[in-house]
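Source file: model_6.txt. Holds: compact mmCIF, C-alpha atoms (C1' of nucleotides).
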```
# COMPACT_ATOMS: atom_id res chain seq x y z
CA MET A 257 -8.30 -20.53 63.20
CA PRO A 258 -8.17 -17.55 65.46
CA GLU A 259 -11.54 -16.09 66.38
CA LEU A 260 -12.51 -13.91 69.33
CA PRO A 261 -11.49 -16.31 72.15
CA GLU A 262 -8.15 -17.12 70.51
CA VAL A 263 -7.37 -13.48 69.80
CA GLU A 264 -8.36 -12.55 73.36
CA THR A 265 -5.99 -15.23 74.66
CA VAL A 266 -3.16 -13.93 72.49
CA VAL A 267 -3.82 -10.36 73.67
CA ARG A 268 -3.74 -11.40 77.32
CA GLY A 269 -0.45 -13.18 76.71
CA LEU A 270 1.08 -10.17 74.98
CA ARG A 271 0.06 -7.93 77.87
CA LYS A 272 2.36 -9.89 80.16
CA THR A 273 5.55 -8.93 78.38
CA LEU A 274 5.00 -6.38 75.66
CA PRO A 275 3.90 -3.09 77.29
CA GLY A 276 6.81 -0.70 77.75
CA SER A 277 8.91 -2.44 75.10
CA SER A 278 10.62 -0.41 72.41
CA ILE A 279 10.52 -1.47 68.80
CA LEU A 280 13.95 -1.11 67.23
CA GLU A 281 13.13 -2.17 63.69
CA VAL A 282 10.87 -4.37 61.59
CA CYS A 283 12.18 -7.17 59.37
CA PHE A 284 10.11 -8.90 56.74
CA GLY A 285 10.21 -12.28 55.12
CA LYS A 286 7.48 -12.33 52.50
CA SER A 287 5.66 -9.05 52.80
CA ASP A 288 2.98 -9.32 50.12
CA PHE A 289 0.29 -9.28 52.80
CA VAL A 290 1.37 -5.82 53.99
CA ASP A 291 0.42 -2.72 52.00
CA ASP A 292 3.66 -0.81 52.41
CA PRO A 293 6.35 -2.64 54.43
CA ALA A 294 8.84 0.24 54.30
CA ALA A 295 6.25 2.68 55.60
CA LEU A 296 5.30 0.29 58.36
CA ASP A 297 8.91 0.03 59.49
CA ALA A 298 9.29 3.81 59.38
CA SER A 299 6.11 4.25 61.42
CA VAL A 300 6.99 1.92 64.27
CA ARG A 301 10.78 2.13 64.42
CA GLY A 302 11.71 3.79 67.72
CA SER A 303 8.19 3.63 69.13
CA ARG A 304 7.17 2.20 72.48
CA VAL A 305 4.28 -0.17 73.18
CA SER A 306 1.74 1.33 75.54
CA GLU A 307 -1.26 -0.95 75.62
CA ILE A 308 -2.75 -3.92 73.82
CA THR A 309 -6.44 -4.33 73.14
CA ARG A 310 -8.71 -6.48 71.00
CA MET A 311 -11.30 -5.30 68.50
CA GLY A 312 -13.19 -8.33 67.27
CA LYS A 313 -10.51 -10.48 65.66
CA PHE A 314 -8.04 -7.59 65.45
CA ILE A 315 -5.15 -7.19 67.86
CA CYS A 316 -4.50 -3.49 68.45
CA ILE A 317 -1.11 -2.53 69.77
CA ALA A 318 -0.99 1.12 70.81
CA LEU A 319 2.38 2.75 70.15
CA GLU A 320 3.75 5.94 71.64
CA ARG A 321 6.17 7.92 69.53
CA ASP A 322 8.61 10.45 70.86
CA GLN A 323 8.13 13.90 69.33
CA ARG A 324 11.86 14.34 68.98
CA GLU A 325 12.21 11.28 66.78
CA PHE A 326 8.98 11.54 64.86
CA ALA A 327 8.77 15.08 63.61
CA GLY A 328 5.79 16.95 62.28
CA PRO A 329 2.73 15.09 61.05
CA ASN A 330 4.48 11.79 61.72
CA ALA A 331 4.50 12.34 65.48
CA GLY A 332 2.03 11.15 68.07
CA PRO A 333 0.47 7.80 68.93
CA ILE A 334 -0.59 5.20 66.37
CA HIS A 335 -2.07 1.74 66.44
CA LEU A 336 -0.56 -1.36 64.97
CA SER A 337 -3.51 -3.48 63.89
CA ILE A 338 -2.92 -7.17 63.35
CA HIS A 339 -5.39 -9.73 62.01
CA LEU A 340 -4.26 -13.35 62.29
CA GLY A 341 -6.30 -14.53 59.32
CA MET A 342 -6.46 -18.31 59.29
CA THR A 343 -3.02 -19.37 60.36
CA GLY A 344 -1.39 -16.34 61.95
CA ARG A 345 0.59 -16.53 65.18
CA LEU A 346 2.01 -13.70 67.22
CA THR A 347 4.62 -14.56 69.82
CA VAL A 348 7.19 -12.79 71.95
CA CYS A 349 10.44 -14.64 72.44
CA ALA A 350 14.20 -14.28 72.70
CA ALA A 351 15.86 -13.30 69.43
CA SER A 352 18.21 -16.24 69.90
CA GLN A 353 15.38 -18.73 69.49
CA PRO A 354 15.16 -20.17 66.00
CA ALA A 355 12.29 -18.65 64.07
CA PRO A 356 9.68 -21.06 62.74
CA THR A 357 9.20 -21.30 58.99
CA HIS A 358 6.70 -18.81 57.55
CA THR A 359 7.78 -16.14 60.03
CA HIS A 360 7.13 -13.15 57.79
CA CYS A 361 7.33 -10.15 60.08
CA VAL A 362 9.67 -9.63 63.01
CA PHE A 363 9.48 -6.64 65.33
CA VAL A 364 12.90 -6.41 66.94
CA LEU A 365 12.46 -5.33 70.56
CA ASP A 366 14.78 -4.05 73.26
CA GLY A 367 16.26 -6.59 75.65
CA GLY A 368 17.16 -9.07 72.93
CA ARG A 369 13.55 -10.01 72.30
CA GLU A 370 11.37 -10.20 69.22
CA LEU A 371 7.67 -9.99 68.48
CA ARG A 372 7.22 -12.50 65.66
CA TYR A 373 4.39 -12.79 63.19
CA THR A 374 4.20 -16.25 61.64
CA ASP A 375 1.53 -17.03 59.07
CA ILE A 376 1.61 -20.08 56.82
CA ARG A 377 -1.09 -18.93 54.41
CA ARG A 378 -0.61 -15.19 54.74
CA PHE A 379 -4.33 -14.47 54.99
CA GLY A 380 -3.60 -12.20 57.92
CA GLN A 381 -2.89 -8.52 57.75
CA ILE A 382 -0.75 -5.98 59.54
CA GLN A 383 -1.49 -2.31 59.19
CA ILE A 384 -0.92 1.04 60.81
CA VAL A 385 -4.02 2.92 61.92
CA SER A 386 -3.62 6.56 62.84
CA PRO A 387 -5.87 8.09 65.52
CA GLU A 388 -7.84 9.99 62.89
CA LYS A 389 -8.43 6.79 60.89
CA MET A 390 -9.51 4.79 63.95
CA PRO A 391 -13.21 5.75 63.79
CA GLU A 392 -13.34 4.66 60.14
CA PHE A 393 -11.55 1.43 61.00
CA ALA A 394 -14.02 0.68 63.81
CA ALA A 395 -17.01 1.62 61.67
CA HIS A 396 -16.58 -1.55 59.63
CA LEU A 397 -17.16 -3.63 62.72
CA GLY A 398 -20.38 -4.41 64.57
CA PRO A 399 -20.59 -4.57 68.37
CA GLU A 400 -18.60 -6.95 70.54
CA PRO A 401 -20.69 -10.11 71.01
CA LEU A 402 -19.88 -10.16 74.73
CA GLU A 403 -21.01 -6.57 75.15
CA ILE A 404 -24.14 -6.23 73.04
CA SER A 405 -27.34 -6.12 75.11
CA SER A 406 -30.13 -8.57 74.38
CA ASP A 407 -32.34 -5.66 73.29
CA ASP A 408 -29.78 -4.52 70.74
CA PHE A 409 -29.23 -8.11 69.67
CA LEU A 410 -32.96 -8.54 69.02
CA ARG A 411 -33.06 -5.28 67.10
CA GLU A 412 -30.08 -6.21 64.94
CA PHE A 413 -31.14 -9.75 64.09
CA GLY A 414 -34.91 -9.58 64.30
CA LEU A 415 -35.43 -7.78 60.99
CA ARG A 416 -32.70 -9.33 58.88
CA ARG A 417 -33.72 -11.68 56.07
CA ALA A 418 -30.33 -13.35 55.79
CA ARG A 419 -29.56 -16.78 57.14
CA ILE A 420 -28.51 -16.72 60.74
CA LYS A 421 -25.15 -18.34 60.06
CA ALA A 422 -24.25 -15.70 57.49
CA LEU A 423 -25.10 -12.94 59.94
CA LEU A 424 -23.04 -14.46 62.74
CA LEU A 425 -20.02 -14.58 60.43
CA ASP A 426 -20.54 -11.01 59.19
CA GLN A 427 -18.05 -8.85 61.07
CA SER A 428 -20.10 -5.73 60.42
CA VAL A 429 -22.99 -7.31 62.35
CA LEU A 430 -21.00 -8.72 65.25
CA ARG A 431 -17.23 -8.51 65.56
CA GLY A 432 -15.19 -11.59 66.41
CA ILE A 433 -17.28 -14.67 65.66
CA GLY A 434 -15.98 -17.12 63.08
CA ASN A 435 -16.99 -20.55 61.86
CA ILE A 436 -16.23 -22.50 65.03
CA TYR A 437 -18.13 -20.32 67.45
CA ALA A 438 -21.01 -19.69 65.05
CA ASP A 439 -21.64 -23.44 64.81
CA GLU A 440 -21.16 -24.04 68.51
CA SER A 441 -23.49 -21.19 69.45
CA LEU A 442 -26.20 -22.34 67.04
CA PHE A 443 -26.03 -25.86 68.44
CA ARG A 444 -26.43 -24.65 71.99
CA ALA A 445 -29.36 -22.46 70.96
CA ARG A 446 -30.80 -25.40 68.97
CA LEU A 447 -31.05 -23.39 65.78
CA HIS A 448 -30.32 -24.66 62.29
CA PRO A 449 -27.64 -22.52 60.56
CA ALA A 450 -29.83 -21.91 57.50
CA ARG A 451 -32.71 -20.37 59.44
CA ILE A 452 -33.65 -16.85 58.36
CA ALA A 453 -32.89 -14.50 61.24
CA ALA A 454 -36.18 -12.63 60.97
CA SER A 455 -38.12 -15.89 61.16
CA LEU A 456 -36.82 -16.64 64.64
CA THR A 457 -38.97 -15.97 67.68
CA LYS A 458 -37.88 -13.53 70.34
CA LYS A 459 -37.30 -16.48 72.63
CA GLN A 460 -35.04 -18.15 70.09
CA LEU A 461 -33.02 -15.00 69.51
CA ILE A 462 -32.58 -14.51 73.25
CA ALA A 463 -31.43 -18.11 73.50
CA LEU A 464 -28.91 -17.48 70.73
CA HIS A 465 -27.62 -14.32 72.37
CA ARG A 466 -27.15 -16.27 75.57
CA ALA A 467 -25.53 -19.23 73.79
CA ILE A 468 -23.00 -16.91 72.12
CA ARG A 469 -22.08 -15.40 75.46
CA GLU A 470 -21.72 -18.80 77.10
CA VAL A 471 -19.66 -20.32 74.30
CA LEU A 472 -17.28 -17.37 73.98
CA THR A 473 -16.84 -17.00 77.73
CA SER A 474 -16.13 -20.68 78.14
CA ALA A 475 -13.76 -20.73 75.15
CA ILE A 476 -11.79 -17.81 76.62
CA GLN A 477 -11.53 -19.71 79.91
CA PHE A 478 -10.05 -22.66 78.05
CA ARG A 479 -7.72 -20.34 76.11
CA GLY A 480 -9.27 -20.92 72.74
CA SER A 481 -9.52 -23.80 70.29
CA SER A 482 -6.35 -25.23 68.80
CA ILE A 483 -7.45 -26.68 65.54
CA SER A 484 -5.27 -26.20 62.51
CA ASP A 485 -2.39 -23.94 63.55
CA TYR A 486 -3.50 -21.88 66.50
CA LEU A 487 -1.07 -21.21 69.35
CA ASP A 488 -1.22 -18.35 71.85
CA ALA A 489 1.39 -15.63 72.46
CA GLU A 490 3.46 -18.00 74.57
CA GLY A 491 3.28 -20.83 72.06
CA ASN A 492 0.72 -22.87 74.01
CA ARG A 493 -2.25 -24.71 72.58
CA GLY A 494 -5.78 -23.94 73.72
CA GLU A 495 -8.11 -26.61 75.04
CA PHE A 496 -11.58 -25.62 73.94
CA GLN A 497 -11.39 -27.88 70.87
CA LEU A 498 -11.89 -30.77 73.30
CA ARG A 499 -15.25 -29.26 74.21
CA HIS A 500 -16.63 -28.68 70.73
CA ARG A 501 -20.05 -30.27 70.40
CA VAL A 502 -20.50 -30.00 66.64
CA TYR A 503 -17.54 -28.29 64.98
CA GLN A 504 -15.49 -30.88 63.07
CA ARG A 505 -17.59 -33.67 64.59
CA GLU A 506 -19.28 -34.75 61.35
CA GLY A 507 -20.59 -38.31 61.64
CA LYS A 508 -20.02 -38.43 65.39
CA PRO A 509 -22.95 -38.75 67.79
CA CYS A 510 -24.66 -35.62 69.12
CA VAL A 511 -23.82 -35.16 72.81
CA ARG A 512 -27.52 -34.59 73.49
CA CYS A 513 -29.34 -37.19 71.40
CA ARG A 514 -26.70 -39.41 69.74
CA THR A 515 -27.91 -38.52 66.24
CA LYS A 516 -24.99 -38.24 63.82
CA ILE A 517 -23.70 -34.70 63.39
CA ARG A 518 -24.02 -33.47 59.82
CA ARG A 519 -22.06 -30.97 57.77
CA VAL A 520 -23.56 -28.79 55.06
CA ILE A 521 -22.43 -25.65 53.29
CA VAL A 522 -24.27 -22.53 54.45
CA ALA A 523 -23.15 -19.07 53.47
CA GLY A 524 -20.22 -20.68 51.69
CA ARG A 525 -18.90 -22.19 54.90
CA SER A 526 -18.86 -25.68 56.38
CA SER A 527 -21.64 -25.76 58.92
CA HIS A 528 -21.87 -28.52 61.50
CA PHE A 529 -25.16 -29.27 63.22
CA CYS A 530 -27.33 -31.98 64.73
CA PRO A 531 -30.25 -32.70 62.38
CA HIS A 532 -32.40 -33.80 65.30
CA CYS A 533 -31.71 -30.94 67.75
CA GLN A 534 -31.49 -28.21 65.09
CA HIS A 535 -34.47 -28.44 62.79
CA ALA A 536 -34.00 -27.36 59.19
CA PRO A 537 -36.05 -24.41 57.97
CA ARG A 538 -38.86 -25.00 55.51
CA LYS A 539 -37.56 -25.48 51.98
CA ARG A 540 -36.92 -22.22 50.15
CA LYS A 541 -35.67 -23.67 46.90
CA SER A 542 -34.86 -26.98 45.21
C1' DA B 148 -30.48 -6.59 50.79
C1' DG B 149 -28.38 -10.77 50.27
C1' DC B 150 -26.65 -14.60 47.58
C1' DT B 151 -22.84 -16.98 44.99
C1' DC B 152 -18.48 -17.01 42.96
C1' DT B 153 -13.64 -15.72 42.83
C1' DT B 154 -9.19 -14.44 44.73
C1' DC B 155 -5.44 -14.69 47.99
C1' DC B 156 -2.09 -19.06 50.13
C1' DT B 157 -0.18 -23.46 51.92
C1' DG B 158 -0.28 -28.09 53.50
C1' DA B 159 -2.96 -32.11 54.43
C1' DA B 160 -5.48 -35.59 52.52
C1' DA B 161 -7.62 -37.93 48.88
C1' DG B 162 -7.29 -39.84 44.20
C1' DC B 163 -4.94 -42.27 40.62
C1' DT C 200 5.36 -45.42 46.10
C1' DG C 201 4.79 -40.91 44.19
C1' DC C 202 2.66 -37.64 41.66
C1' DT C 203 -1.50 -34.58 40.90
C1' DT C 204 -5.80 -32.73 42.42
C1' DT C 205 -8.88 -31.05 45.77
C1' DC C 206 -10.12 -28.76 49.71
C1' DA C 207 -10.31 -25.65 53.73
C1' DG C 208 -11.29 -20.97 55.05
C1' DG C 209 -11.44 -14.95 56.71
C1' DA C 210 -12.50 -11.22 54.14
C1' DA C 211 -13.24 -8.36 50.24
C1' DG C 212 -14.96 -7.44 45.76
C1' DA C 213 -17.70 -8.47 41.57
C1' DG C 214 -21.90 -9.49 39.51
C1' DC C 215 -26.64 -10.86 39.84
```
Here is the file; what I need is its structure written in the form of C-alpha cells.
Amino acid sequence: MPELPEVETVVRGLRKTLPGSSILEVCFGKSDFVDDPAALDASVRGSRVSEITRMGKFICIALERDQREFAGPNAGPIHLSIHLGMTGRLTVCAASQPAPTHTHCVFVLDGGRELRYTDIRRFGQIQIVSPEKMPEFAAHLGPEPLEISSDDFLREFGLRRARIKALLLDQSVLRGIGNIYADESLFRARLHPARIAASLTKKQLIALHRAIREVLTSAIQFRGSSISDYLDAEGNRGEFQLRHRVYQREGKPCVRCRTKIRRVIVAGRSSHFCPHCQHAPRKRKS
DNA sequence: AGCTCTTCCTGAAAGC
DNA sequence: TGCTTTCAGGAAGAGC
C-alpha cells in the first residue's frame, strides 16, 4: 500500500514525463470515489501540468490554466490532488496500450499519451484544490517526517498520551507514514507499538525519530515496498519489501535475536514486532 | 484527548 | 471441487 516512499517514487517517475503536458479531457470508469466528476473534467480540461510535488501521501499536480480558456473566477492555477488509498496506481503510458481492469480515471494527454488512475478498491481520492483552499488542505497534515527536527519531534510526541503506533499513523501528527513504515521504524527503535508516547524517554524518542528517517530514506532508495498492488509511475515494482524486518514477517525469526515475530492489533491495525527486542508496556487493562 | 467501531471496496485465502 | 465467509486496510465520522 502506498505510503510516503511509494508516493515519492511515483512522483519522481511522473516528473520525468508529465511536466509540460496538456490535459485534453478526463474519462471516468466508476467515479463514486470522486466528489464531482463533471466539475473535475471542467477544471482540468485544457490545462497544462507545471510541477509535481508530494504532500505526505498526496500527489499534487500543479496545473496552469490559460486565461483565455478559463474565464473569470475559473481562471488561474489549481492543484490536482491524488491519494492512492490502498491499491491506487498512477501511470503515464501510450493511449494505445490496453488499460488494466479497475482503471477508473483517465487523463487524456497530448502526444497520444494518458495519465491513468487504476484503483481496485477505490479507497483513493482525486480532488481539485484551488490556491485559496490549499492552506486549509495542508492544515490537516502534520509535518513531513523527513523534515521535522528532533526538537519538534520531541515536543510533538513527548506530551501525547496516545499509543505510539496510533500517533505514527495519524496524518495530522506526521504526514506520510502508514502501517509498514510505522512497524519498521518501531522495530529499529526497539519500541513496542503499544507504548504510550509520553512514557518514552528523550533518548527513546530521539532513536525513533532517527529510525523513521533511516527507514524512509532507505525505502525511497529502494523505490518503495511492493506488497499488495503497488507499482510506480512506470509500472515497476519496488524492492524495499525484501528488506522488511517485521512487517508481514509474523512467525519468522527476528533478524536480531531469532525470536519469532508476533502480530497484534494496536490502534485497529496489524502491528508486527519482536517480543524480545520490543518490550511490551506495563499492563493497562485486562 | 483518545479509544473503538463502522463504512467504503475488492480479491485472496480460509472454511465448509 | 465449489460455494460462502472472513479479512485486510487509509481515512473519516460517530459515539463513548
Item checked: Arg419 (chain A) surroundings by all atoms listed in the file, 9 Å radius, close-in-sequence under 6 positions cut, as a list in words ->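 Contacts, in chain order: Pro449, Ala450, Arg451, Ile452, Ala453, Ala454, Val522 and Ala523 of chain A.
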Write the selection just made, keeping C-alpha atoms, as a short mmCIF file (atom, residue, chain, number, x, y, z; two decimals), in the coordinates of the input?
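Produced file result-v4.cif, reproduced below:
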```
data_model
loop_
_atom_site.label_atom_id
_atom_site.label_comp_id
_atom_site.auth_asym_id
_atom_site.auth_seq_id
_atom_site.Cartn_x
_atom_site.Cartn_y
_atom_site.Cartn_z
CA PRO A 449 -27.64 -22.52 60.56
CA ALA A 450 -29.83 -21.91 57.50
CA ARG A 451 -32.71 -20.37 59.44
CA ILE A 452 -33.65 -16.85 58.36
CA ALA A 453 -32.89 -14.50 61.24
CA ALA A 454 -36.18 -12.63 60.97
CA VAL A 522 -24.27 -22.53 54.45
CA ALA A 523 -23.15 -19.07 53.47
#
```
Next item on the list: Pick out the chain A residues within 9 Å of chain B. Count only C-alpha atoms (C1' of nucleotides). Give them as number ranges by chain.
Entry: A: 376-379, 416-418, 523-524
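The space between CA of Ala489 (chain A) and CA of Arg268 (chain A) spans 8.2 Å.
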Let me have the centre and edge lengths of the axis-aligned box enclosing all listed atoms of region 428-440 of chain A with 6 Å padding on every side, in Å to one decimal, as AutoDock Vina command-line options.
```
--center_x -19.1 --center_y -14.9 --center_z 64.5 --size_x 19.8 --size_y 30.3 --size_z 20.1
```
With only C-alpha atoms (C1' of nucleotides) counted and 10 Å as the cut-off, give the residues of region 402-505 of chain A in contact with region 203-212 of chain C, each with its shortest interatomic distance in Å and the pair that gives it, as a Markdown table.
```
| residue | atom | partner | partner_atom | distance |
| --- | --- | --- | --- | --- |
| A:Leu425 | CA | C:DG209 | C1' | 9.4 |
| A:Asp426 | CA | C:DA210 | C1' | 9.5 |
| A:Gln427 | CA | C:DA210 | C1' | 9.2 |
| A:Gly434 | CA | C:DG209 | C1' | 8.1 |
| A:Asn435 | CA | C:DG208 | C1' | 8.9 |
```
Note to self: Can you work out which residues from chain A touch chain C at a cut-off of 12 Å (counting all atoms listed in the file) and hand them back as number ranges by chain?
What the structure shows: A: 257-259, 313-314, 339-344, 377-381, 396, 425-428, 432-436, 484, 504, 524-526
Item checked: Length of the CA of Arg310 (chain A) to CA of Gly494 (chain A) vector [Å] -> 17.9 Å
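Taking CA of Glu392 (chain A) as the reference point, CA of Phe409 (chain A) is found at 22.5 Å.
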Next item on the list: Would you be able to write out as a ChimeraX atom specification which residues have an atom within 6 Å of (-3.4, 0.2, 74.1) in the file's coordinates, counting all atoms listed in the file?
Entry: /A:306-309,317-318
Where atoms are lacking, region 480-499 of chain A completed to N, CA and C atoms, as a compact mmCIF listing (two decimals), in the frame of the given file:
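Done, and the output landed in result-v3.txt:
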```
# COMPACT_ATOMS: atom_id res chain seq x y z
N GLY A 480 -9.05 -20.78 74.18
CA GLY A 480 -9.27 -20.92 72.74
C GLY A 480 -9.25 -22.35 72.24
N SER A 481 -9.48 -22.49 70.94
CA SER A 481 -9.52 -23.80 70.29
C SER A 481 -8.30 -23.96 69.40
N SER A 482 -7.49 -24.97 69.68
CA SER A 482 -6.35 -25.23 68.80
C SER A 482 -6.71 -26.27 67.76
N ILE A 483 -7.31 -25.81 66.68
CA ILE A 483 -7.45 -26.68 65.54
C ILE A 483 -6.61 -26.01 64.47
N SER A 484 -6.20 -26.75 63.48
CA SER A 484 -5.27 -26.20 62.51
C SER A 484 -4.05 -25.65 63.25
N ASP A 485 -3.70 -24.40 63.10
CA ASP A 485 -2.39 -23.94 63.55
C ASP A 485 -2.35 -23.04 64.77
N TYR A 486 -3.48 -22.89 65.46
CA TYR A 486 -3.50 -21.88 66.50
C TYR A 486 -2.63 -22.18 67.72
N LEU A 487 -1.80 -21.21 68.09
CA LEU A 487 -1.07 -21.21 69.35
C LEU A 487 -1.15 -19.81 69.92
N ASP A 488 -1.12 -19.69 71.25
CA ASP A 488 -1.22 -18.35 71.85
C ASP A 488 0.14 -17.64 71.85
N ALA A 489 0.19 -16.48 72.51
CA ALA A 489 1.39 -15.63 72.46
C ALA A 489 2.60 -16.30 73.09
N GLU A 490 2.35 -17.30 73.93
CA GLU A 490 3.46 -18.00 74.57
C GLU A 490 3.75 -19.35 73.91
N GLY A 491 3.03 -19.59 72.81
CA GLY A 491 3.28 -20.83 72.06
C GLY A 491 2.50 -22.03 72.59
N ASN A 492 1.51 -21.77 73.45
CA ASN A 492 0.72 -22.87 74.01
C ASN A 492 -0.55 -23.11 73.20
N ARG A 493 -1.00 -24.37 73.21
CA ARG A 493 -2.25 -24.71 72.58
C ARG A 493 -3.41 -24.37 73.52
N GLY A 494 -4.58 -24.10 72.93
CA GLY A 494 -5.78 -23.94 73.72
C GLY A 494 -6.40 -25.31 73.98
N GLU A 495 -7.49 -25.32 74.72
CA GLU A 495 -8.11 -26.61 75.04
C GLU A 495 -9.59 -26.68 74.70
N PHE A 496 -10.13 -25.60 74.17
CA PHE A 496 -11.58 -25.62 73.94
C PHE A 496 -11.98 -26.58 72.84
N GLN A 497 -11.05 -26.93 71.93
CA GLN A 497 -11.39 -27.88 70.87
C GLN A 497 -11.87 -29.21 71.44
N LEU A 498 -11.45 -29.52 72.67
CA LEU A 498 -11.89 -30.77 73.30
C LEU A 498 -13.35 -30.68 73.74
N ARG A 499 -13.89 -29.45 73.75
CA ARG A 499 -15.25 -29.26 74.21
C ARG A 499 -16.21 -28.88 73.08
```
